[in-house]
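Trainee: Here's a structure for you.
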Amino acid sequence: MTSKLLEIKDLSAGIAESGKEIIKRLNLTINAGETHAIMGPNGAGKSTLSYVLTGKPDYIVTGGSMHFCGHDLTALKPEERAALGIFLSMQAPVEIPGVTTQVFLKHAVNAVRKHNNLPELDAAEFLKLLRSKAKEFEVSTDMLKREINVGFSGGEKKRLEILQLSLLQPKLAILDEADSGLDIDALKIVANGVNQWHTADNALLIITHRLDLLKQIKPDFVHIYADGHIIKTGDMTLAEELEISGYKNYLEASI
Amino acid sequence: MSLLKQNTALFGENIPWLEGLREKARTVFARIGLPTAKTEAWKYSYFKEDALNKPQIDDTPHQCDGHCHDESNLPFATVEIKYCNGKLTHIAHDLPRGVIIRPLYEAIEDGEIKPYLNKSFDMEKFPFAALNTAFLDEGLFIVITADTILNMPIYLHYHQHAGMNRLCNIRNIVVVEKGAKATLIEHFDGENAAQYFNNIVNEIYVGTGANLQHYKRQNKAQKAHHVALNSVQVKADGQYNAFIVHGECALARTESYVRLTQENASAEVNGVYRLAQNGVSDITTNIRHLAPHTNSDQLVKGVLDGKAKGVFQGQIHIAPDAQQTTGYQLHRALVLSDEAEVDCKPELEIFADDVKCSHGAASGDLDAEQLFYMQSRGIPLNEARQILIEAYLNEVFEKAKDSAVVEWMRDSCL
């Protein structure tokens, strides 16, 4: 029997301040072990979906439902969703001057452990864990001592996001444009990291408009997303077809 | 002025020059009086209530349970001096070589204090310093003799017990002679319910090539008023660095009046304040560049919540012949509630043309994107806010020179 991780039903959501609706009656179910890719033109609201799922305060749910492992997500704070196992690798990871990467990561790891009634790691235990993982993602000791994301290159930022994925071991990883700004080597590191983490017990939702990452992390499902919902679902061949002919055909068809 | 009428027994009323100075101060204070909302230098932090009608000068001999003689529990060794309820109660017995620390009255009796006492400021401009002079009694005379490099900080611990609401006028004269180097820590704390009004005047003389690191930490004391004037004179190649931390209080005002009188004299005034109730923190500076090639730098950051108020008034004065001088100043505040208030008044008076000066001010709330990023990694909102606040203040702490002292200072505003 497949285990349902995320179940989105008729979800509508938009910007809290203006009330502008961006997601319109979206349906999506993700089971453990699966990899889903959401592809769509810029401005279609793909990132909005990632923020609505993770509870960013700028967005508001106006209809439908979203459940994660049986929990109603709309009732949970962002940190509670993270502790339950939802991870978002952001398109533009945020710079936090004054907070070193290492200190930030320790706070995050221990916050999630604490929420799940696990003992917090002391400085030595955390350092041991961090060092082994950092090596894997070619994150240097120097990077760990720098302020988080401040002055990091695009590739450094994305590698750090995947290092966090590996440290926090979530059940669902949402990768929002995780391949943007990456050279071939960095892309490989990111893809390997994700593939290593991915098991039959967890799932992936990849948001992208390019094929680069999908060629290395093979999706089971490819969804075309436009005008706030999924207009077509297929497999990897759909993504390949998009690369050749673009979104045009589908967008016209959906109007 | 009811304050002046208080019948108080002061030391040395039979010393003519001292009594003459007090009399002059009484005349000045009677004329200028306490600052009001209309006093420019005090307009943001005048005393709303009768803050000064209630406290009394305590002229009874010092009495308390004796704890004021206990050793401090600081995480580093110091040359310790204690004031309890505004009275000098303890001076470390074994002073390091080259250090002279005496009660003020001794140095008044033999006249040694004369070249320094009331020589660094004009009472007309500082009402509380005039009041302090009118009641001149308690205090210290500290000399770091020429070329002495003092490794241990001199630690002035001012403790207040609950009970009488005391007005404590304290005068410390600190002389760092030619080529000497020292650290001075002032630490204010009190029992939680203690009500008091500290009126401190420090006259600090930094000699040629000398260096003084001056730290001030004021612990939480909800009903306490702190007013302090640090009147500083720095000679050629001398350096004065102040680091001020204001915690919860009724009012805390630290005014740094620094005169860079000779070439290559420099000063830094850095500060941090964190208030979340209804107190007022006021950091006021007046850095006077009076000679060429003098440098100053100021960075003050505050965090305000509740109905608290933060005031920064920063004046940089550059005299006509103080060419090739630099003077920088930056004040920033985090305002976390709608009812908190921040008032900032930078003033640049530049009469020389070959100078580099800047000032800046900004206030705002915590960054929502940063908070969400941390939450999305599982860090609870309150913890995320705390991390950001500490990071915000950290920029100032990084400027302080002595890391052990800095860690101890940082403790008081976490």
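How things are named: the first chain in the structure tokens is A, the next is B, and so on; residues count from 1 in each chain; ligands count from 1 in the order shown.
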Under the rule of at most 9 Å, produce a per-residue listing of chain A near chain B: chain, number, name, the closest pair of atoms, and the distance in Å, as CSV, using only C-alpha atoms.
Mentor:
residue,atom,partner,partner_atom,distance
A:Thr54,CA,B:Ser376,CA,6.7
A:Gly55,CA,B:Ser376,CA,8.2
A:Lys56,CA,B:Phe372,CA,6.5
A:Pro57,CA,B:Phe372,CA,8.0
A:Lys77,CA,B:Gln375,CA,8.3
A:Pro78,CA,B:Ser376,CA,5.5
A:Glu79,CA,B:Gly378,CA,4.1
A:Glu80,CA,B:Gly378,CA,6.6
A:Arg81,CA,B:Gly378,CA,7.6
A:Ala82,CA,B:Gly378,CA,4.8
A:Ala83,CA,B:Gly378,CA,5.3
A:Leu84,CA,B:Gly378,CA,8.9
A:Ile86,CA,B:Ser376,CA,8.3
A:Phe87,CA,B:Ser376,CA,7.0
A:Leu88,CA,B:Ser376,CA,7.0
A:Met90,CA,B:Tyr373,CA,8.7
A:Pro93,CA,B:Tyr373,CA,7.7
A:Val94,CA,B:Gln370,CA,6.1
A:Glu95,CA,B:Gln370,CA,7.2
A:Ile96,CA,B:Gln370,CA,6.4
A:Pro97,CA,B:Ala391,CA,7.2
A:Gly98,CA,B:Ala391,CA,4.4
A:Val99,CA,B:Ala391,CA,5.8
A:Phe104,CA,B:Met374,CA,8.2
A:Leu105,CA,B:Arg377,CA,8.7
A:His107,CA,B:Ile379,CA,6.7
A:Ala108,CA,B:Arg377,CA,5.5
A:Val109,CA,B:Gly378,CA,7.9
A:Asn110,CA,B:Ile379,CA,8.5
A:Ala111,CA,B:Ile379,CA,5.4
A:Val112,CA,B:Gly378,CA,5.4
A:His115,CA,B:Gly378,CA,8.4
A:Gln164,CA,B:Arg377,CA,8.3
A:Leu168,CA,B:Arg377,CA,8.1
Trainee: Could you dump the residues just selected with N, CA and C atoms as a short mmCIF file (atom, residue, chain, number, x, y, z; two decimals), in the first residue's frame?
Mentor:
data_model
loop_
_atom_site.label_atom_id
_atom_site.label_comp_id
_atom_site.auth_asym_id
_atom_site.auth_seq_id
_atom_site.Cartn_x
_atom_site.Cartn_y
_atom_site.Cartn_z
N THR A 54 4.56 25.89 2.73
CA THR A 54 5.44 26.03 3.89
C THR A 54 4.96 27.13 4.86
N GLY A 55 3.90 27.82 4.50
CA GLY A 55 3.27 28.72 5.47
C GLY A 55 3.82 30.13 5.53
N LYS A 56 4.34 30.62 4.44
CA LYS A 56 4.86 32.00 4.45
C LYS A 56 3.71 32.97 4.74
N PRO A 57 3.91 33.88 5.70
CA PRO A 57 2.80 34.75 6.14
C PRO A 57 2.25 35.67 5.05
N LYS A 77 2.01 26.42 12.04
CA LYS A 77 2.99 27.49 11.78
C LYS A 77 4.10 26.95 10.88
N PRO A 78 4.84 27.85 10.22
CA PRO A 78 5.92 27.39 9.33
C PRO A 78 6.89 26.44 10.04
N GLU A 79 7.28 26.78 11.28
CA GLU A 79 8.26 25.95 11.98
C GLU A 79 7.69 24.57 12.31
N GLU A 80 6.36 24.52 12.53
CA GLU A 80 5.73 23.22 12.81
C GLU A 80 5.68 22.36 11.56
N ARG A 81 5.45 22.98 10.43
CA ARG A 81 5.45 22.25 9.16
C ARG A 81 6.85 21.70 8.89
N ALA A 82 7.86 22.54 9.19
CA ALA A 82 9.24 22.11 8.98
C ALA A 82 9.56 20.93 9.90
N ALA A 83 9.11 21.03 11.13
CA ALA A 83 9.41 19.96 12.08
C ALA A 83 8.69 18.66 11.71
N LEU A 84 7.54 18.78 11.07
CA LEU A 84 6.82 17.58 10.60
C LEU A 84 7.54 16.93 9.42
N ILE A 86 8.53 18.99 6.25
CA ILE A 86 8.47 19.68 4.95
C ILE A 86 9.68 20.60 4.83
N PHE A 87 10.41 20.46 3.77
CA PHE A 87 11.60 21.28 3.57
C PHE A 87 11.49 22.02 2.26
N LEU A 88 11.84 23.31 2.29
CA LEU A 88 11.81 24.10 1.07
C LEU A 88 13.21 24.61 0.76
N MET A 90 14.91 27.16 -1.21
CA MET A 90 14.37 28.37 -1.83
C MET A 90 15.09 28.76 -3.10
N PRO A 93 17.78 31.84 -1.58
CA PRO A 93 18.00 31.69 -0.14
C PRO A 93 18.35 33.03 0.51
N VAL A 94 17.82 33.24 1.70
CA VAL A 94 17.89 34.56 2.32
C VAL A 94 19.22 34.78 3.03
N GLU A 95 19.77 35.96 2.87
CA GLU A 95 21.01 36.32 3.57
C GLU A 95 20.67 36.81 4.97
N ILE A 96 21.42 36.34 5.95
CA ILE A 96 21.21 36.81 7.32
C ILE A 96 22.52 37.32 7.90
N PRO A 97 22.78 38.62 7.76
CA PRO A 97 24.01 39.18 8.30
C PRO A 97 24.06 39.00 9.82
N GLY A 98 25.24 38.69 10.31
CA GLY A 98 25.42 38.56 11.76
C GLY A 98 25.20 37.16 12.30
N VAL A 99 24.66 36.25 11.47
CA VAL A 99 24.46 34.88 11.93
C VAL A 99 25.33 33.96 11.08
N PHE A 104 23.60 28.95 12.55
CA PHE A 104 22.26 28.82 12.00
C PHE A 104 21.87 27.34 11.88
N LEU A 105 22.78 26.55 11.31
CA LEU A 105 22.48 25.14 11.07
C LEU A 105 22.26 24.40 12.40
N HIS A 107 21.09 25.70 15.20
CA HIS A 107 19.75 26.08 15.67
C HIS A 107 18.69 25.26 14.96
N ALA A 108 18.83 25.14 13.62
CA ALA A 108 17.81 24.45 12.83
C ALA A 108 17.75 22.97 13.20
N VAL A 109 18.89 22.32 13.23
CA VAL A 109 18.91 20.88 13.53
C VAL A 109 18.32 20.61 14.91
N ASN A 110 18.72 21.41 15.88
CA ASN A 110 18.23 21.17 17.24
C ASN A 110 16.76 21.55 17.41
N ALA A 111 16.32 22.56 16.67
CA ALA A 111 14.90 22.93 16.75
C ALA A 111 14.03 21.77 16.26
N VAL A 112 14.43 21.17 15.14
CA VAL A 112 13.65 20.06 14.59
C VAL A 112 13.72 18.84 15.52
N HIS A 115 11.51 19.46 18.56
CA HIS A 115 10.10 19.32 18.23
C HIS A 115 9.69 17.86 18.12
N GLN A 164 21.46 21.48 3.98
CA GLN A 164 20.40 21.57 4.99
C GLN A 164 19.39 20.44 4.84
N LEU A 168 18.62 17.95 7.87
CA LEU A 168 17.30 17.96 8.52
C LEU A 168 16.49 16.71 8.21
#
Trainee: Let's see if you can do this: from backbone DSSP, list all alpha helix (DSSP H) residues in range 77-192 of chain B, as a list in words.
Mentor: Leu104, Tyr105, Glu106, Ala107, Ile108, Glu109, Pro127, Phe128, Ala129, Ala130, Leu131, Asn132, Thr133 and Ala134 of chain B
Trainee: Store the residues picked out above, limited to N, CA and C atoms, as a compact mmCIF listing (two decimals), in the first residue's frame.
Mentor:
# COMPACT_ATOMS: atom_id res chain seq x y z
N LEU B 104 38.03 60.33 47.03
CA LEU B 104 38.08 61.71 46.58
C LEU B 104 38.49 62.66 47.71
N TYR B 105 37.92 62.43 48.90
CA TYR B 105 38.16 63.39 49.99
C TYR B 105 39.65 63.47 50.36
N GLU B 106 40.34 62.36 50.26
CA GLU B 106 41.78 62.39 50.56
C GLU B 106 42.52 63.30 49.59
N ALA B 107 42.18 63.12 48.31
CA ALA B 107 42.86 63.91 47.27
C ALA B 107 42.44 65.37 47.34
N ILE B 108 41.26 65.62 47.90
CA ILE B 108 40.84 67.02 48.09
C ILE B 108 41.62 67.63 49.25
N GLU B 109 41.76 66.84 50.33
CA GLU B 109 42.44 67.34 51.53
C GLU B 109 43.87 67.79 51.22
N PRO B 127 23.52 70.73 33.61
CA PRO B 127 22.83 70.97 34.88
C PRO B 127 23.10 69.89 35.93
N PHE B 128 23.15 68.64 35.49
CA PHE B 128 23.35 67.59 36.49
C PHE B 128 24.79 67.57 37.02
N ALA B 129 25.71 68.02 36.19
CA ALA B 129 27.09 68.11 36.67
C ALA B 129 27.21 69.26 37.67
N ALA B 130 26.42 70.32 37.47
CA ALA B 130 26.40 71.41 38.44
C ALA B 130 25.84 70.89 39.77
N LEU B 131 24.76 70.13 39.68
CA LEU B 131 24.16 69.54 40.89
C LEU B 131 25.18 68.62 41.58
N ASN B 132 25.86 67.83 40.78
CA ASN B 132 26.88 66.92 41.30
C ASN B 132 27.97 67.72 42.03
N THR B 133 28.33 68.84 41.47
CA THR B 133 29.39 69.66 42.08
C THR B 133 28.90 70.31 43.37
N ALA B 134 27.65 70.73 43.37
CA ALA B 134 27.09 71.35 44.57
C ALA B 134 27.12 70.38 45.76
Trainee: Name the residues in contact with range 179-185 of chain B at a cut-off of 10 Å, using only C-alpha atoms, excluding same-chain residues fewer than 4 positions from it; report them as a PyMOL selection string.
Mentor: chain B and resi 78-80+98-99+143-157+174-175+206-217+237-239+241-243+402+405+409
Trainee: Next, the residues of the selection above should be written as a PDB file, in the first residue's frame with C-alpha atoms.
Mentor:
ATOM      1  CA  THR B  78      39.875  42.938  38.363  1.00  0.00           C
ATOM      2  CA  VAL B  79      41.042  45.680  40.632  1.00  0.00           C
ATOM      3  CA  GLU B  80      37.776  46.021  42.468  1.00  0.00           C
ATOM      4  CA  GLY B  98      51.757  52.261  38.905  1.00  0.00           C
ATOM      5  CA  VAL B  99      48.126  52.539  39.997  1.00  0.00           C
ATOM      6  CA  VAL B 143      45.834  57.718  38.509  1.00  0.00           C
ATOM      7  CA  ILE B 144      47.531  55.338  36.123  1.00  0.00           C
ATOM      8  CA  THR B 145      51.068  56.632  36.242  1.00  0.00           C
ATOM      9  CA  ALA B 146      53.157  57.246  33.145  1.00  0.00           C
ATOM     10  CA  ASP B 147      53.940  54.206  30.966  1.00  0.00           C
ATOM     11  CA  THR B 148      52.053  51.764  33.189  1.00  0.00           C
ATOM     12  CA  ILE B 149      50.416  49.004  31.140  1.00  0.00           C
ATOM     13  CA  LEU B 150      47.620  47.714  33.313  1.00  0.00           C
ATOM     14  CA  ASN B 151      46.461  44.233  32.329  1.00  0.00           C
ATOM     15  CA  MET B 152      43.671  43.945  34.849  1.00  0.00           C
ATOM     16  CA  PRO B 153      40.597  46.152  34.465  1.00  0.00           C
ATOM     17  CA  ILE B 154      39.718  48.580  37.232  1.00  0.00           C
ATOM     18  CA  TYR B 155      36.207  47.587  38.174  1.00  0.00           C
ATOM     19  CA  LEU B 156      33.805  50.063  39.742  1.00  0.00           C
ATOM     20  CA  HIS B 157      30.778  48.235  41.051  1.00  0.00           C
ATOM     21  CA  VAL B 174      40.570  59.274  36.222  1.00  0.00           C
ATOM     22  CA  VAL B 175      44.001  60.298  35.015  1.00  0.00           C
ATOM     23  CA  VAL B 206      43.949  60.652  28.730  1.00  0.00           C
ATOM     24  CA  GLY B 207      47.554  61.772  28.404  1.00  0.00           C
ATOM     25  CA  THR B 208      49.943  61.787  25.449  1.00  0.00           C
ATOM     26  CA  GLY B 209      50.049  58.345  23.833  1.00  0.00           C
ATOM     27  CA  ALA B 210      47.839  56.940  26.605  1.00  0.00           C
ATOM     28  CA  ASN B 211      44.901  54.594  26.109  1.00  0.00           C
ATOM     29  CA  LEU B 212      41.726  54.072  28.110  1.00  0.00           C
ATOM     30  CA  GLN B 213      39.053  51.475  27.383  1.00  0.00           C
ATOM     31  CA  HIS B 214      35.942  52.517  29.292  1.00  0.00           C
ATOM     32  CA  TYR B 215      33.082  50.042  29.642  1.00  0.00           C
ATOM     33  CA  LYS B 216      29.747  50.776  31.229  1.00  0.00           C
ATOM     34  CA  ARG B 217      27.155  48.132  31.964  1.00  0.00           C
ATOM     35  CA  ASP B 237      48.249  60.196  20.165  1.00  0.00           C
ATOM     36  CA  GLY B 238      45.940  59.309  23.033  1.00  0.00           C
ATOM     37  CA  GLN B 239      42.951  57.072  22.636  1.00  0.00           C
ATOM     38  CA  ASN B 241      37.185  54.108  23.694  1.00  0.00           C
ATOM     39  CA  ALA B 242      33.830  53.940  25.419  1.00  0.00           C
ATOM     40  CA  PHE B 243      31.423  51.039  25.287  1.00  0.00           C
ATOM     41  CA  ASP B 402      38.558  43.125  25.302  1.00  0.00           C
ATOM     42  CA  VAL B 405      34.750  41.938  29.097  1.00  0.00           C
ATOM     43  CA  MET B 409      28.724  42.885  28.785  1.00  0.00           C
TER      44      MET B 409
END
Trainee: May I have the residues within 9 Å of Leu299 in chain B as a ChimeraX atom specification, using only C-alpha atoms and disregarding those fewer than 2 positions away in the same chain?
Mentor: /B:268-272,297,301,328-332,395-396,399
Trainee: Using only C-alpha atoms, can you tell me which of A:Gly14, A:Gly19, A:Pro219, A:Gly155 comes closest to Ile184 in chain A?
Mentor: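 Result for the nearest residue to Ile184 in chain A: A:Gly155.
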